[in-house]
Amino acid sequence: MCPRSVLKRVIEYELSCLFESSYNAAFLVGVESEFVLLKNTNPVEPVNVHGYSNSQALASGTKETEVMEDIAQGLVESGIELMMYHSEAAPGQYEVVTGPLPPLEAADALVHTRETIFNMASKHGFRATFAPRLYLDNCGSAAHTHISVHPINPEQPFGLQPSVAEDPEDLSATSENVLTPLEHVFLAGLLDHLPAACAFTLPNCTSYSRMVDGIWSGGTWIAWGTHNRETPVRLCVPPTYPPAPTQTQPLSAKSAVPTANPPSGNHFEVKCVDGTSSPYLAFSGLLGAGLLGIQSRSPLIEKDCRATAATMTEAEREAVGVKRRLPRTWEEARSALEEDVAMRDLLGGVVEGFLTLDGLLHSPASEAERVQMLVENY
């Protein structure tokens with residue numbers, strides 16, 4: 001029943017799964033932690049009303065700037081890679097982005113990051129809340145999770161052993177060329193089991209008030225898209241630049257045959273995750289879903305969705321394989337987990353224990369009570 005032990009078991013399954021399937025890869029996980037700084041919790045009062053990446057939200061001499069500087073210093077001194085921090089779109093909202101780590105280390109680092117944020121805010125008399133959505137007229141707070149699949153041996157093309165298929169091209173024939181074969185089957189499994197994983201990544205009834213269409217939360221349709229913030233799984237592809245004139249290779253060098261394929265620089269941003277989730281269970285659900293795809297070499301049904309699925313016609317969604325909706329409520333996510341036999345077998349007894357929480361996470365009836373519950377508990 002220990003969530004950390006569940007993630008360790010998933011990692012052990014990863015190693016055996018990759019060995020048995022002849023895939024040669026490892027995973028890295030990084031997280032964007034969004035939160036709101038409050039100077040009063042009853043009634044709820046944010047520290048400011050500045051917008052996304054607004055310099056005034058980090059003005060010199062202000063208490064909120066001191067809080068963010070202390071958070072940054074605390075994370076750096078603890079050995080956690082701090083990639084950036086900035087203000088977000090909602091009143092009093094900020095984001096801290098930490099660097100990629102192996103899954104178990106990433107979950108440990110996220111726990112430490114959340115504790116650092118909460119305690120540094122408390123030190124200055126503020127309350128930091130990871131509540132999914134405080135303001136129904138503005139965006140919510142998420143824990144967008146970035147997952148990358150890396151080849152251990154770059155001498156093997158994209159981390160794929162030759163014994164996997166007679167023709168490796170077949171594995172990516174139905175996907176975009178930018179995906180490696182391993183990313184292809186991982187993504188297929190992730191999308192296939194995403195409804196069940198949402199029970200862990202969106203564990204609170206109020207989590208689903210954030211997951212709506214049109215506010216860059218990932219939307220309500222099961223889809224993936226290159227740089228598409230309106231899909232729950234966003235494929236992030238590194239930019240490519242032409243070589244500078246001084247870096248142009250001579251003709252003889254261009255004709256040389258490379259000895260190995262470079263590793264992919266892609267990663268997947270999973271947007272249907274929030275800060276009320278246990279990092280250990282959330283990562284177990286997401287990585288477990290992808291590993292089930294690797295094990296079964298799942299076909300990728302969904303194609304690259306470049307538009308907002310909610311505004312597409314049924315025929316347009318059909319053309320890119322977008323047919324299913326994400327769970328719209330906590331009850332729907334619970335049912336999806338109950339019905340996903342493969343996910344339950346992989347995660348073990350923690351699923352039964354998790355599902356016994358029925359009724360404990362239901363939202364209060366009134367909006368004021370809902371907000372109060374959120375800021376007091378998250």
# chains A, B, ... in the order shown; residues from 1 in each chain; ligands from 1

$ residues_around --residues "A:Gly265" --least-positions-apart "4" --cutoff "9 Å" --atoms "only C-alpha atoms" --output "ChimeraX atom specification"
/A:148-150,236-238

$ write_last_selection --atoms "N, CA, C and O atoms" --output "mmCIF file, in the first residue's frame"
data_model
loop_
_atom_site.group_PDB
_atom_site.id
_atom_site.type_symbol
_atom_site.label_atom_id
_atom_site.label_comp_id
_atom_site.auth_asym_id
_atom_site.auth_seq_id
_atom_site.Cartn_x
_atom_site.Cartn_y
_atom_site.Cartn_z
ATOM 1 N N SER A 148 10.149 11.666 -21.049
ATOM 2 C CA SER A 148 10.933 11.392 -22.251
ATOM 3 C C SER A 148 11.432 9.962 -22.211
ATOM 4 O O SER A 148 11.659 9.389 -21.143
ATOM 5 N N VAL A 149 11.566 9.379 -23.395
ATOM 6 C CA VAL A 149 12.023 8.003 -23.553
ATOM 7 C C VAL A 149 13.372 8.054 -24.251
ATOM 8 O O VAL A 149 13.471 8.552 -25.379
ATOM 9 N N HIS A 150 14.409 7.547 -23.590
ATOM 10 C CA HIS A 150 15.765 7.697 -24.107
ATOM 11 C C HIS A 150 16.415 6.347 -24.376
ATOM 12 O O HIS A 150 16.295 5.428 -23.561
ATOM 13 N N CYS A 236 6.293 17.450 -27.495
ATOM 14 C CA CYS A 236 7.215 18.582 -27.583
ATOM 15 C C CYS A 236 8.428 18.142 -28.391
ATOM 16 O O CYS A 236 9.159 17.227 -27.982
ATOM 17 N N VAL A 237 8.623 18.774 -29.531
ATOM 18 C CA VAL A 237 9.712 18.433 -30.442
ATOM 19 C C VAL A 237 10.736 19.555 -30.402
ATOM 20 O O VAL A 237 10.376 20.730 -30.538
ATOM 21 N N PRO A 238 12.002 19.247 -30.197
ATOM 22 C CA PRO A 238 13.005 20.311 -30.136
ATOM 23 C C PRO A 238 13.121 21.026 -31.472
ATOM 24 O O PRO A 238 12.944 20.422 -32.534
#

$ select_by_dssp --residues "stretch 58-214 of chain A" --states "strand (DSSP E or B)" --output "list of chain:residue names"
A:Leu82, A:Met83, A:Met84, A:Tyr85, A:His86, A:Ser87, A:Gln93, A:Tyr94, A:Glu95, A:Val96, A:Val97, A:Thr98, A:Gly99, A:Pro100, A:Leu101, A:Arg127, A:Ala128, A:Thr129, A:Thr145, A:His146, A:Ile147, A:Ser148, A:Val149, A:His150, A:Pro151, A:Leu160

$ residues_around --residues "stretch 220-230 of chain A" --least-positions-apart "3" --cutoff "7 Å" --atoms "only C-alpha atoms" --output "VMD selection string"
chain A and resid 191 211 to 214 216 to 217 233 to 236 302 304 to 306 308 to 309 322 324 to 326

$ residues_around --residues "stretch 373-377 of chain A" --least-positions-apart "3" --cutoff "8 Å" --atoms "only C-alpha atoms" --output "ChimeraX atom specification"
/A:41,129-131,134,364,369-370

$ write_last_selection --atoms "N, CA, C and O atoms" --output "compact mmCIF listing (two decimals), in the first residue's frame"
# COMPACT_ATOMS: atom_id res chain seq x y z
N THR A 41 -6.91 33.35 3.61
CA THR A 41 -7.63 32.16 3.15
C THR A 41 -9.14 32.22 3.43
O THR A 41 -9.89 31.42 2.87
N THR A 129 -1.17 27.27 -2.20
CA THR A 129 -2.13 26.20 -2.44
C THR A 129 -1.96 25.64 -3.85
O THR A 129 -1.79 26.40 -4.81
N PHE A 130 -2.02 24.31 -3.93
CA PHE A 130 -1.95 23.60 -5.21
C PHE A 130 -3.35 23.20 -5.68
O PHE A 130 -3.48 22.31 -6.53
N ALA A 131 -4.37 23.83 -5.13
CA ALA A 131 -5.75 23.52 -5.48
C ALA A 131 -5.94 23.57 -7.00
O ALA A 131 -5.44 24.51 -7.65
N LEU A 134 -9.17 27.49 -8.23
CA LEU A 134 -9.80 28.36 -7.24
C LEU A 134 -10.82 29.28 -7.86
O LEU A 134 -11.84 29.60 -7.26
N PRO A 364 -17.68 19.92 -1.37
CA PRO A 364 -18.81 20.52 -0.65
C PRO A 364 -19.84 21.09 -1.62
O PRO A 364 -19.55 21.35 -2.78
N GLU A 369 -17.73 26.92 0.21
CA GLU A 369 -17.23 25.77 0.96
C GLU A 369 -16.19 24.99 0.15
O GLU A 369 -15.21 24.49 0.70
N ARG A 370 -16.41 24.91 -1.15
CA ARG A 370 -15.47 24.21 -2.02
C ARG A 370 -14.10 24.88 -1.98
O ARG A 370 -13.07 24.22 -1.81

$ atom_distance --atom1 "atom CA of A:Ala289" --atom2 "atom CA of A:Ala342"
8.9 Å

$ atom_distance --atom1 "atom CA of A:Leu104" --atom2 "atom CA of A:Pro299"
27.9 Å

$ residues_around --residues "A:Gly51" --least-positions-apart "4" --cutoff "8 Å" --atoms "only C-alpha atoms" --output "VMD selection string"
chain A and resid 57 87 to 91

$ closest_residue --among "A:Val351, A:Val47, A:Ala142, A:Ile71" --to "A:Thr276" --atoms "only C-alpha atoms"
A:Ala142

$ atom_distance --atom1 "atom CA of A:Arg344" --atom2 "atom CA of A:Ala197"
10.3 Å
